[in-house]
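Heads up, the thing below is written out as structure tokens.
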Amino acid sequence: MCDARAFFFDLDDTLVDFGKARRKALIALAGRLAARIPDQSPDQLRELQSRIVEDRTRRGTDIPQVGDFRVTRIRIWNEVLAFIGAPGLADPGQLTDDHDLLTRQNLELYPDADASIRWANERFQVTGIITNGPSDVQWGEVYAVGLEDRVDRVIVAGDIDAFKPDPRIFEAALEGLGIPPQAAVFIGNSAAHDAAGAIQAGWTAIWLNRDGDTYPPTLPPPTATVTGLDEVPALFG
């Protein structure tokens with residue numbers, strides 16, 4: 001890996017703790033919804049809030065990030081409202097927007113992210129971020145944590161209509177740089193989207209396994225695996 005010239009990060013659950021921020025946002029929204037249903041005791045409110053959080057989390061797991069992503073998320077909120085027996089309780093579109101806003105407000109860099117970004121900028125010719133998701137949502141996250149000026153390039157899937165593991169998003173990251181894929185490194189937490197996608201695009205892939213997961217044996221293996229961003233510099237000598 002010592003001859004690498006470009007280093008790119010995934011965003012969600014790699015540089016920023018997206019899972020934690022999303023759950024905080026969901027808990028806040030569920031509390032608001034539960035409080036709108038009249039004649040609920042405190043215990044009933046807490047139970048209803050819990051049901052909303054659990055059902056929204058279940059329905060929102062592994063949403064396909066293709067096509068009209070917003071329409072899919074609105075549909076899921078419709079299903080959640082129907083599940084709790086209150087289909088007219090709130091506007092699903094507004095719930096989607098509120099969830100995005102609250103997620104951004106709760107978004108934080110992981111403790112090891114800041115030093116890792118500084119190291120990459122000092123070590124490589126080009127640094128960047130490659131992230132899946134709609135343009136407005138992902139750029140909102142980038143601005144929320146101040147990453148827009150800390151790397152050379154930010155590639156958002158929604159801007160180019162190519163989502164990891166599609167090799168086109170990795171090609172877009174290197175466009176015009178004169179850097180071949182074999183001289184580029186990508187790190188991310190998703191085995192299927194990040195590690196396997198980068199490998200299939202001809203990049204060096206580092207799988208960030210913060211949670212002690214097992215790498216799927218059906219996917220092409222990553223070049224290296226780390227449990228934190230602070231372990232990455234040692235891979236480059």
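By order in the structure tokens, chains are A, B, ...; within a chain, residues start at 1; ligands start at 1, following the order shown.
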Enumerate, in order of chain and increasing residue number, the residues of stretch 97-147 of chain A with an atom no farther than 8 Å from stretch 12-18 of chain A, each with its shortest atom pair and distance in Å to one decimal, counting only C-alpha atoms, as a Markdown table.
| residue | atom | partner | partner_atom | distance |
| --- | --- | --- | --- | --- |
| A:Thr103 | CA | A:Phe18 | CA | 7.7 |
| A:Leu107 | CA | A:Phe18 | CA | 6.4 |
| A:Glu108 | CA | A:Val16 | CA | 5.6 |
| A:Leu109 | CA | A:Val16 | CA | 4.2 |
| A:Tyr110 | CA | A:Val16 | CA | 5.4 |
| A:Ala113 | CA | A:Leu15 | CA | 5.4 |
| A:Thr131 | CA | A:Asp12 | CA | 7.4 |
- request: Write down as an NGL selection string the residues of stretch 2-208 of chain A whose backbone DSSP state falls under helix (DSSP H, G or I).
  value: :A and (18-36 or 42-60 or 69-83 or 92-106 or 113-123 or 135-144 or 157-160 or 167-174 or 181-183 or 191-200)
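If you look at atom CA of A:Arg56 and atom CA of A:Val80, they are 6.1 Å away from each other.
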- prompt: A:Gly202: which residues within 10 Å, counting only C-alpha atoms, same-chain residues fewer than 3 positions away excluded, as a list in words?
  reply: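 My list of contacting residues is Pro167, Phe170, Glu171, Pro180, Pro181, Gln182, Ala183, Ala184, Val185, Ala196, Gly197, Ala198, Ile199 and Ala205 of chain A.
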message: My list of candidates is A:Leu48, A:Ile155, A:Leu235, A:Val53. Which is closest to A:Ala28 when distances are computed with only C-alpha atoms?
response: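 Closest to A:Ala28, using only C-alpha atoms: A:Val53.
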- request: Compare A:Thr127, A:Ser190, A:Thr223, A:Gln49 by their minimum atom-to-atom distance to A:Arg210, counting only C-alpha atoms, and give me the closest one.
  value: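 Smallest distance to A:Arg210 is found for A:Ser190.
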- request: Tell me which protein, DNA and RNA residues are within 12 Å of A:Pro216, counting only C-alpha atoms, leaving out same-chain ones fewer than 6 positions away, and put them as a list of chain:residue names.
  value: A:Ser190, A:Ala191, A:Ala192, A:His193, A:Ala195, A:Ala196, A:Trp207, A:Pro222
